[in-house]
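Containing PDB, C-alpha atoms: entry.pdb.
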ATOM      1  CA  MET A   1      97.515 251.431  89.363
ATOM      2  CA  ALA A   2      94.362 249.774  90.712
ATOM      3  CA  PRO A   3      94.205 249.263  94.476
ATOM      4  CA  ARG A   4      95.125 245.788  95.610
ATOM      5  CA  ARG A   5      92.161 243.621  96.514
ATOM      6  CA  LYS A   6      92.078 242.531 100.138
ATOM      7  CA  ARG A   7      93.147 238.907 100.488
ATOM      8  CA  VAL A   8      90.644 237.090 102.677
ATOM      9  CA  GLY A   9      91.265 233.489 103.661
ATOM     10  CA  LEU A  10      88.982 230.942 105.263
ATOM     11  CA  TYR A  11      90.419 228.132 107.391
ATOM     12  CA  SER A  12      87.767 225.603 108.374
ATOM     13  CA  GLY A  13      87.668 222.763 110.843
ATOM     14  CA  THR A  14      86.028 221.605 114.028
ATOM     15  CA  PHE A  15      88.884 222.770 116.280
ATOM     16  CA  ASP A  16      87.635 220.506 119.076
ATOM     17  CA  PRO A  17      90.066 221.312 120.561
ATOM     18  CA  MET A  18      92.415 223.656 118.739
ATOM     19  CA  THR A  19      95.902 222.103 118.670
ATOM     20  CA  ASN A  20      99.398 223.453 118.164
ATOM     21  CA  GLY A  21      99.066 222.119 114.615
ATOM     22  CA  HIS A  22      96.015 224.317 113.993
ATOM     23  CA  LEU A  23      97.821 227.290 115.491
ATOM     24  CA  ASP A  24     100.822 226.672 113.228
ATOM     25  CA  ILE A  25      98.574 226.658 110.127
ATOM     26  CA  ILE A  26      96.815 229.824 111.346
ATOM     27  CA  ARG A  27     100.144 231.593 111.883
ATOM     28  CA  ARG A  28     101.384 230.645 108.437
ATOM     29  CA  ALA A  29      98.056 231.505 106.768
ATOM     30  CA  LEU A  30      98.236 234.970 108.326
ATOM     31  CA  THR A  31     101.416 235.609 106.331
ATOM     32  CA  LEU A  32      99.453 234.969 103.111
ATOM     33  CA  VAL A  33      96.220 236.880 103.718
ATOM     34  CA  ASP A  34      95.142 240.243 105.093
ATOM     35  CA  HIS A  35      92.214 238.763 106.999
ATOM     36  CA  LEU A  36      91.648 235.181 108.095
ATOM     37  CA  VAL A  37      88.251 233.765 109.007
ATOM     38  CA  VAL A  38      88.566 230.659 111.157
ATOM     39  CA  ALA A  39      85.334 228.849 110.341
ATOM     40  CA  ILE A  40      84.279 226.412 113.025
ATOM     41  CA  GLY A  41      82.174 223.595 111.649
ATOM     42  CA  ILE A  42      78.962 222.827 113.494
ATOM     43  CA  ASN A  43      77.471 219.383 112.920
ATOM     44  CA  ALA A  44      74.131 218.804 114.633
ATOM     45  CA  SER A  45      74.728 215.034 114.712
ATOM     46  CA  LYS A  46      77.977 215.342 116.686
ATOM     47  CA  ALA A  47      78.458 216.309 120.315
ATOM     48  CA  PRO A  48      81.733 218.242 120.582
ATOM     49  CA  MET A  49      83.768 218.329 123.773
ATOM     50  CA  LEU A  50      83.878 222.140 123.722
ATOM     51  CA  THR A  51      81.039 224.469 122.786
ATOM     52  CA  PHE A  52      81.296 226.711 119.744
ATOM     53  CA  GLU A  53      81.707 229.700 122.063
ATOM     54  CA  GLU A  54      84.561 228.033 123.940
ATOM     55  CA  ARG A  55      86.339 227.040 120.730
ATOM     56  CA  ALA A  56      85.919 230.521 119.242
ATOM     57  CA  ALA A  57      87.198 232.216 122.402
ATOM     58  CA  LEU A  58      90.256 229.956 122.582
ATOM     59  CA  ILE A  59      91.094 230.479 118.905
ATOM     60  CA  GLU A  60      90.750 234.239 119.198
ATOM     61  CA  ALA A  61      92.790 234.403 122.412
ATOM     62  CA  GLU A  62      95.643 232.424 120.860
ATOM     63  CA  ALA A  63      95.550 233.778 117.292
ATOM     64  CA  ARG A  64      94.729 237.490 117.695
ATOM     65  CA  PRO A  65      98.179 238.418 119.043
ATOM     66  CA  ILE A  66      99.791 236.543 116.156
ATOM     67  CA  ALA A  67      97.566 238.319 113.622
ATOM     68  CA  LYS A  68      98.333 241.692 115.158
ATOM     69  CA  ARG A  69     102.075 241.021 115.097
ATOM     70  CA  LEU A  70     101.844 240.056 111.419
ATOM     71  CA  GLY A  71      99.690 243.056 110.441
ATOM     72  CA  ALA A  72      96.631 240.959 109.651
ATOM     73  CA  THR A  73      93.223 240.466 111.243
ATOM     74  CA  ILE A  74      91.376 237.358 112.310
ATOM     75  CA  THR A  75      87.793 236.475 113.187
ATOM     76  CA  THR A  76      85.945 233.290 114.019
ATOM     77  CA  ALA A  77      82.604 232.207 112.621
ATOM     78  CA  SER A  78      80.435 229.121 112.605
ATOM     79  CA  PHE A  79      79.286 227.236 109.536
ATOM     80  CA  SER A  80      77.225 224.128 108.997
ATOM     81  CA  GLY A  81      77.056 223.764 105.242
ATOM     82  CA  LEU A  82      79.551 223.712 102.423
ATOM     83  CA  VAL A  83      82.948 225.312 102.932
ATOM     84  CA  VAL A  84      82.671 227.111  99.572
ATOM     85  CA  ASP A  85      79.413 228.680 100.726
ATOM     86  CA  ALA A  86      81.083 229.783 103.974
ATOM     87  CA  ALA A  87      83.918 231.282 101.907
ATOM     88  CA  ASP A  88      81.400 233.256  99.817
ATOM     89  CA  GLU A  89      79.509 234.380 102.915
ATOM     90  CA  HIS A  90      82.694 235.814 104.435
ATOM     91  CA  GLY A  91      84.152 237.263 101.233
ATOM     92  CA  ALA A  92      87.051 234.812 101.192
ATOM     93  CA  ASN A  93      88.889 234.308  97.938
ATOM     94  CA  VAL A  94      91.072 231.515  99.276
ATOM     95  CA  ILE A  95      90.421 228.430 101.384
ATOM     96  CA  ILE A  96      93.336 227.370 103.561
ATOM     97  CA  ARG A  97      93.757 223.647 104.209
ATOM     98  CA  GLY A  98      96.339 222.019 106.455
ATOM     99  CA  LEU A  99      97.854 218.721 105.395
ATOM    100  CA  ARG A 100      99.410 216.270 107.840
ATOM    101  CA  GLY A 101     100.393 213.629 105.303
ATOM    102  CA  ALA A 102      99.581 211.613 102.206
ATOM    103  CA  VAL A 103      96.206 210.428 103.518
ATOM    104  CA  ASP A 104      95.077 214.040 104.044
ATOM    105  CA  TYR A 105      96.376 214.937 100.583
ATOM    106  CA  GLU A 106      94.309 212.299  98.753
ATOM    107  CA  TYR A 107      91.103 213.429 100.457
ATOM    108  CA  GLU A 108      91.837 217.149 100.078
ATOM    109  CA  VAL A 109      92.601 216.877  96.348
ATOM    110  CA  GLN A 110      89.133 215.414  95.839
ATOM    111  CA  MET A 111      87.606 218.252  97.852
ATOM    112  CA  VAL A 112      89.478 220.886  95.837
ATOM    113  CA  GLY A 113      88.032 219.484  92.615
ATOM    114  CA  MET A 114      84.516 219.472  93.992
ATOM    115  CA  ASN A 115      84.870 222.943  95.539
ATOM    116  CA  ARG A 116      86.333 224.416  92.342
ATOM    117  CA  THR A 117      83.418 223.016  90.353
ATOM    118  CA  MET A 118      80.898 224.496  92.800
ATOM    119  CA  ASN A 119      82.691 227.845  93.148
ATOM    120  CA  PRO A 120      85.519 228.624  90.697
ATOM    121  CA  ARG A 121      86.054 232.072  92.295
ATOM    122  CA  VAL A 122      87.636 230.516  95.389
ATOM    123  CA  GLU A 123      91.146 229.068  95.273
ATOM    124  CA  THR A 124      92.444 226.456  97.726
ATOM    125  CA  VAL A 125      95.909 226.613  99.254
ATOM    126  CA  PHE A 126      97.520 223.673 101.055
ATOM    127  CA  LEU A 127      99.887 224.303 103.937
ATOM    128  CA  THR A 128     101.757 221.210 105.033
ATOM    129  CA  ALA A 129     102.049 220.622 108.739
ATOM    130  CA  SER A 130     105.357 221.439 110.350
ATOM    131  CA  PRO A 131     107.330 218.299 111.209
ATOM    132  CA  GLU A 132     106.819 218.915 114.932
ATOM    133  CA  THR A 133     103.009 219.096 114.572
ATOM    134  CA  GLN A 134     102.121 216.703 111.751
ATOM    135  CA  PHE A 135     101.191 213.844 114.081
ATOM    136  CA  ILE A 136      98.823 215.924 116.248
ATOM    137  CA  SER A 137      95.070 215.495 115.868
ATOM    138  CA  SER A 138      92.184 216.811 117.937
ATOM    139  CA  THR A 139      90.789 213.300 118.208
ATOM    140  CA  LEU A 140      93.993 211.968 119.750
ATOM    141  CA  VAL A 141      94.225 214.959 122.093
ATOM    142  CA  ARG A 142      90.684 214.280 123.347
ATOM    143  CA  GLN A 143      91.460 210.573 123.794
ATOM    144  CA  ILE A 144      94.710 211.214 125.674
ATOM    145  CA  ALA A 145      93.018 213.780 127.931
ATOM    146  CA  SER A 146      90.085 211.459 128.663
ATOM    147  CA  MET A 147      92.543 208.786 129.813
ATOM    148  CA  GLY A 148      94.405 211.155 132.105
ATOM    149  CA  GLY A 149      97.406 211.638 129.816
ATOM    150  CA  ASP A 150      99.575 214.718 129.377
ATOM    151  CA  ILE A 151      98.425 216.870 126.419
ATOM    152  CA  SER A 152     100.641 219.877 127.188
ATOM    153  CA  GLN A 153     102.912 219.221 124.199
ATOM    154  CA  PHE A 154     100.012 219.216 121.752
ATOM    155  CA  VAL A 155      97.869 222.243 122.646
ATOM    156  CA  PRO A 156      98.353 225.806 123.932
ATOM    157  CA  LYS A 157      98.228 226.169 127.740
ATOM    158  CA  ARG A 158      94.761 227.760 127.944
ATOM    159  CA  VAL A 159      93.367 225.032 125.648
ATOM    160  CA  GLU A 160      94.956 222.399 127.874
ATOM    161  CA  LYS A 161      93.255 223.876 130.946
ATOM    162  CA  LYS A 162      89.838 223.934 129.249
ATOM    163  CA  VAL A 163      90.157 220.396 127.871
ATOM    164  CA  LEU A 164      91.375 218.961 131.163
ATOM    165  CA  ALA A 165      88.564 220.652 133.063
ATOM    166  CA  ARG A 166      86.063 219.107 130.643
ATOM    167  CA  SER A 167      87.567 215.626 130.379
ATOM    168  CA  ARG A 168      88.839 214.813 133.863
ATOM    169  CA  LYS A 169      87.566 211.621 135.318
ATOM    170  CA  PRO A 170      87.295 211.433 139.082
ATOM    171  CA  ARG A 171      90.382 209.686 140.502
ATOM    172  CA  LYS A 172      89.803 206.455 142.421
TER     173      LYS A 172
END

Could the structure of this file be written out as structure tokens, please?
Amino acid sequence: MAPRRKRVGLYSGTFDPMTNGHLDIIRRALTLVDHLVVAIGINASKAPMLTFEERAALIEAEARPIAKRLGATITTASFSGLVVDAADEHGANVIIRGLRGAVDYEYEVQMVGMNRTMNPRVETVFLTASPETQFISSTLVRQIASMGGDISQFVPKRVEKKVLARSRKPRK
């Protein structure tokens, strides 16, 4: 019997900041692959709230214990081009995509078709958001934090601390 090929997944996003929804998808992806690369998108025309290094450190701090418990490994990496090229670069044979609802689905189906045409060696797997996380978005978390709102239900504790430290407005 031939040895089983290592299953490597790539989960991409901006993770600015990482939310409980992202962490849920990471946890579930780690049950499907032996190694997960969390690919943090870098866009030179956007100014993220958190640096790449901060996002990578937060992801690793939250996800490494989960990976270890599940017998998998996880790394973070940056990418600025096509997701299929990032998958090739990291030896991934599957791209993991989280779906929050029908709007995400329509967009993602288009992307799967384009990605499959560009790189038929990489499969895409959709993981639907858990009911308790499907409404969470990084954009809304940043907005709530910038207005002094409570984001503790939407992000892990250490992410909350970092975001609040970055977004706090001086009180009048």

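The spacing separating CA of Tyr107 (chain A) from CA of Val94 (chain A) amounts to 18.1 Å.
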
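Taking CA of Ala39 (chain A) as the reference point, CA of Glu54 (chain A) is found at 13.6 Å.
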
Each region 45-118 of chain A residue no farther than 9 Å from region 22-27 of chain A, nearest pair in Å, all atoms listed in the file, as a Markdown table:
| residue | atom | partner | partner_atom | distance |
| --- | --- | --- | --- | --- |
| A:Ile59 | CA | A:Leu23 | CA | 8.2 |
| A:Glu62 | CA | A:Leu23 | CA | 7.7 |
| A:Ala63 | CA | A:Leu23 | CA | 7.1 |
| A:Ile66 | CA | A:Arg27 | CA | 6.5 |
| A:Ala67 | CA | A:Arg27 | CA | 7.4 |
| A:Leu70 | CA | A:Arg27 | CA | 8.6 |
| A:Ile96 | CA | A:Ile25 | CA | 8.4 |
| A:Arg97 | CA | A:Ile25 | CA | 8.2 |
| A:Gly98 | CA | A:Ile25 | CA | 6.3 |

Given the selection you just returned, output its residues as a file containing C-alpha atoms, formatted as a short mmCIF file (atom, residue, chain, number, x, y, z; two decimals), keeping the file's coordinate frame.
data_model
loop_
_atom_site.label_atom_id
_atom_site.label_comp_id
_atom_site.auth_asym_id
_atom_site.auth_seq_id
_atom_site.Cartn_x
_atom_site.Cartn_y
_atom_site.Cartn_z
CA ILE A 59 91.09 230.48 118.90
CA GLU A 62 95.64 232.42 120.86
CA ALA A 63 95.55 233.78 117.29
CA ILE A 66 99.79 236.54 116.16
CA ALA A 67 97.57 238.32 113.62
CA LEU A 70 101.84 240.06 111.42
CA ILE A 96 93.34 227.37 103.56
CA ARG A 97 93.76 223.65 104.21
CA GLY A 98 96.34 222.02 106.46
#

**Message:** Using all atoms listed in the file, can you tell me which of A:Val125, A:Gln110, A:Pro48, A:Glu60 comes closest to Thr76 (chain A)?
**Reply:** A:Glu60

**Item:** Atom-to-atom span, CA of Ala87 (chain A) and CA of Glu123 (chain A), Å
**Value:** 10.1 Å

**Request:** For region 10-15 of chain A, work out the shell of residues within 6 Å, counting all atoms listed in the file and skipping chain neighbours fewer than 3 positions away, then give it as a VMD selection string.
**Result:** chain A and resid 18 36 to 41 92 95 to 96

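Of the residues under consideration (A:Ala102, A:Ala29, A:Leu164, A:Val159), A:Ala29 shows the shortest atom-to-atom contact distance to Arg7 (chain A) when counting all atoms listed in the file.
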
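Of the listed residues (A:Val163, A:Ile151, A:Val122, A:Val83), A:Val163 comes nearest to Thr51 (chain A); the distances count all atoms listed in the file.
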
**Message:** Can you tell me which residues surround Gly149 (chain A) at a distance of at most 12 Å, considering all atoms listed in the file, apart from same-chain residues fewer than 5 positions away, and format the answer as a PyMOL selection string?
**Reply:** chain A and resi 140-144+154+160+163-164+167-169

Would you save the residues of that selection, restricted to C-alpha atoms, as a PDB file, in the coordinates of the input?
ATOM      1  CA  LEU A 140      93.993 211.968 119.750  1.00  0.00           C
ATOM      2  CA  VAL A 141      94.225 214.959 122.093  1.00  0.00           C
ATOM      3  CA  ARG A 142      90.684 214.280 123.347  1.00  0.00           C
ATOM      4  CA  GLN A 143      91.460 210.573 123.794  1.00  0.00           C
ATOM      5  CA  ILE A 144      94.710 211.214 125.674  1.00  0.00           C
ATOM      6  CA  PHE A 154     100.012 219.216 121.752  1.00  0.00           C
ATOM      7  CA  GLU A 160      94.956 222.399 127.874  1.00  0.00           C
ATOM      8  CA  VAL A 163      90.157 220.396 127.871  1.00  0.00           C
ATOM      9  CA  LEU A 164      91.375 218.961 131.163  1.00  0.00           C
ATOM     10  CA  SER A 167      87.567 215.626 130.379  1.00  0.00           C
ATOM     11  CA  ARG A 168      88.839 214.813 133.863  1.00  0.00           C
ATOM     12  CA  LYS A 169      87.566 211.621 135.318  1.00  0.00           C
TER      13      LYS A 169
END

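Closest approach to Phe79 (chain A) among A:Asn93, A:Ser130, A:Thr117, A:Asn43: A:Asn43, based on only C-alpha atoms.
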
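Residues lying at most 9 Å from (99.9, 220.0, 98.6) in file coordinates, with only C-alpha atoms considered, are Gly98, Leu99, Tyr105, Glu108, Val109, Val125, Phe126, Leu127 and Thr128 of chain A.
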
**Asked** Out of A:Ala77, A:Gly9, A:Gly21, A:Met49, which residue has the shortest atom-to-atom distance to Ser146 (chain A) when counting all atoms listed in the file?
**Response** A:Met49

**Request:** Using the chain letters and numbers from the file, give me the residues hit by the PyMOL selection byres ((chain A and resi 136) around 9), as number ranges by chain.
**Result:** A: 19-21, 100, 132-135, 137-141, 154

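Near Lys161 (chain A), within 12 Å and counting all atoms listed in the file, sit Pro17, Leu50, Glu54, Leu58, Ala145, Asp150, Ile151, Ser152, Val155, Pro156, Lys157, Ala165, Arg166, Ser167 and Arg168 of chain A; same-chain residues fewer than 4 positions away were not included.
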
Save out the residues we just selected, C-alpha atoms, as a PDB file, in the frame of the given file.
ATOM      1  CA  PRO A  17      90.066 221.312 120.561  1.00  0.00           C
ATOM      2  CA  LEU A  50      83.878 222.140 123.722  1.00  0.00           C
ATOM      3  CA  GLU A  54      84.561 228.033 123.940  1.00  0.00           C
ATOM      4  CA  LEU A  58      90.256 229.956 122.582  1.00  0.00           C
ATOM      5  CA  ALA A 145      93.018 213.780 127.931  1.00  0.00           C
ATOM      6  CA  ASP A 150      99.575 214.718 129.377  1.00  0.00           C
ATOM      7  CA  ILE A 151      98.425 216.870 126.419  1.00  0.00           C
ATOM      8  CA  SER A 152     100.641 219.877 127.188  1.00  0.00           C
ATOM      9  CA  VAL A 155      97.869 222.243 122.646  1.00  0.00           C
ATOM     10  CA  PRO A 156      98.353 225.806 123.932  1.00  0.00           C
ATOM     11  CA  LYS A 157      98.228 226.169 127.740  1.00  0.00           C
ATOM     12  CA  ALA A 165      88.564 220.652 133.063  1.00  0.00           C
ATOM     13  CA  ARG A 166      86.063 219.107 130.643  1.00  0.00           C
ATOM     14  CA  SER A 167      87.567 215.626 130.379  1.00  0.00           C
ATOM     15  CA  ARG A 168      88.839 214.813 133.863  1.00  0.00           C
TER      16      ARG A 168
END

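Using only C-alpha atoms for every distance, the candidate list A:Val103, A:Val8, A:Met111, A:Met118 yields A:Val8 as the residue closest to Thr75 (chain A).
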
**Request:** I would like the residues chosen by the PyMOL selection byres ((chain A and resi 6) around 9) on the shown file; could you give them as a PyMOL selection string?
**Result:** chain A and resi 4-5+7-8+33-35

Could you rebuild region 84-106 of chain A with N, CA and C atoms and give it back as a CSV table (one decimal), in the coordinates of the input?
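Saved result, part-v3.csv, follows:
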chain,number,residue,atom,x,y,z
A,84,VAL,N,82.7,226.1,100.6
A,84,VAL,CA,82.7,227.1,99.6
A,84,VAL,C,81.6,228.1,99.8
A,85,ASP,N,80.5,227.7,100.4
A,85,ASP,CA,79.4,228.7,100.7
A,85,ASP,C,79.9,229.6,101.9
A,86,ALA,N,80.5,229.0,102.9
A,86,ALA,CA,81.1,229.8,104.0
A,86,ALA,C,82.1,230.8,103.4
A,87,ALA,N,82.9,230.4,102.5
A,87,ALA,CA,83.9,231.3,101.9
A,87,ALA,C,83.2,232.5,101.2
A,88,ASP,N,82.2,232.2,100.5
A,88,ASP,CA,81.4,233.3,99.8
A,88,ASP,C,80.8,234.2,100.9
A,89,GLU,N,80.2,233.6,101.9
A,89,GLU,CA,79.5,234.4,102.9
A,89,GLU,C,80.5,235.4,103.6
A,90,HIS,N,81.7,235.0,103.7
A,90,HIS,CA,82.7,235.8,104.4
A,90,HIS,C,83.6,236.6,103.5
A,91,GLY,N,83.3,236.5,102.2
A,91,GLY,CA,84.2,237.3,101.2
A,91,GLY,C,85.5,236.7,101.0
A,92,ALA,N,85.7,235.4,101.3
A,92,ALA,CA,87.1,234.8,101.2
A,92,ALA,C,87.3,234.4,99.7
A,93,ASN,N,88.5,234.7,99.3
A,93,ASN,CA,88.9,234.3,97.9
A,93,ASN,C,89.9,233.1,98.0
A,94,VAL,N,90.2,232.7,99.2
A,94,VAL,CA,91.1,231.5,99.3
A,94,VAL,C,90.6,230.7,100.5
A,95,ILE,N,90.7,229.4,100.3
A,95,ILE,CA,90.4,228.4,101.4
A,95,ILE,C,91.8,227.9,101.8
A,96,ILE,N,92.1,227.9,103.0
A,96,ILE,CA,93.3,227.4,103.6
A,96,ILE,C,93.1,226.0,104.1
A,97,ARG,N,93.9,225.0,103.7
A,97,ARG,CA,93.8,223.6,104.2
A,97,ARG,C,95.1,223.2,104.7
A,98,GLY,N,95.1,222.6,105.9
A,98,GLY,CA,96.3,222.0,106.5
A,98,GLY,C,96.4,220.6,106.1
A,99,LEU,N,97.6,220.1,105.7
A,99,LEU,CA,97.9,218.7,105.4
A,99,LEU,C,98.9,218.1,106.4
A,100,ARG,N,98.5,217.0,106.9
A,100,ARG,CA,99.4,216.3,107.8
A,100,ARG,C,100.2,215.2,107.1
A,101,GLY,N,99.7,214.7,106.0
A,101,GLY,CA,100.4,213.6,105.3
A,101,GLY,C,99.7,213.2,104.0
A,102,ALA,N,100.1,212.1,103.5
A,102,ALA,CA,99.6,211.6,102.2
A,102,ALA,C,98.1,211.3,102.3
A,103,VAL,N,97.6,210.8,103.4
A,103,VAL,CA,96.2,210.4,103.5
A,103,VAL,C,95.4,211.7,103.4
A,104,ASP,N,95.8,212.8,104.1
A,104,ASP,CA,95.1,214.0,104.0
A,104,ASP,C,95.1,214.5,102.6
A,105,TYR,N,96.2,214.4,101.9
A,105,TYR,CA,96.4,214.9,100.6
A,105,TYR,C,95.4,214.3,99.6
A,106,GLU,N,95.2,213.0,99.7
A,106,GLU,CA,94.3,212.3,98.8
A,106,GLU,C,92.9,212.8,98.9
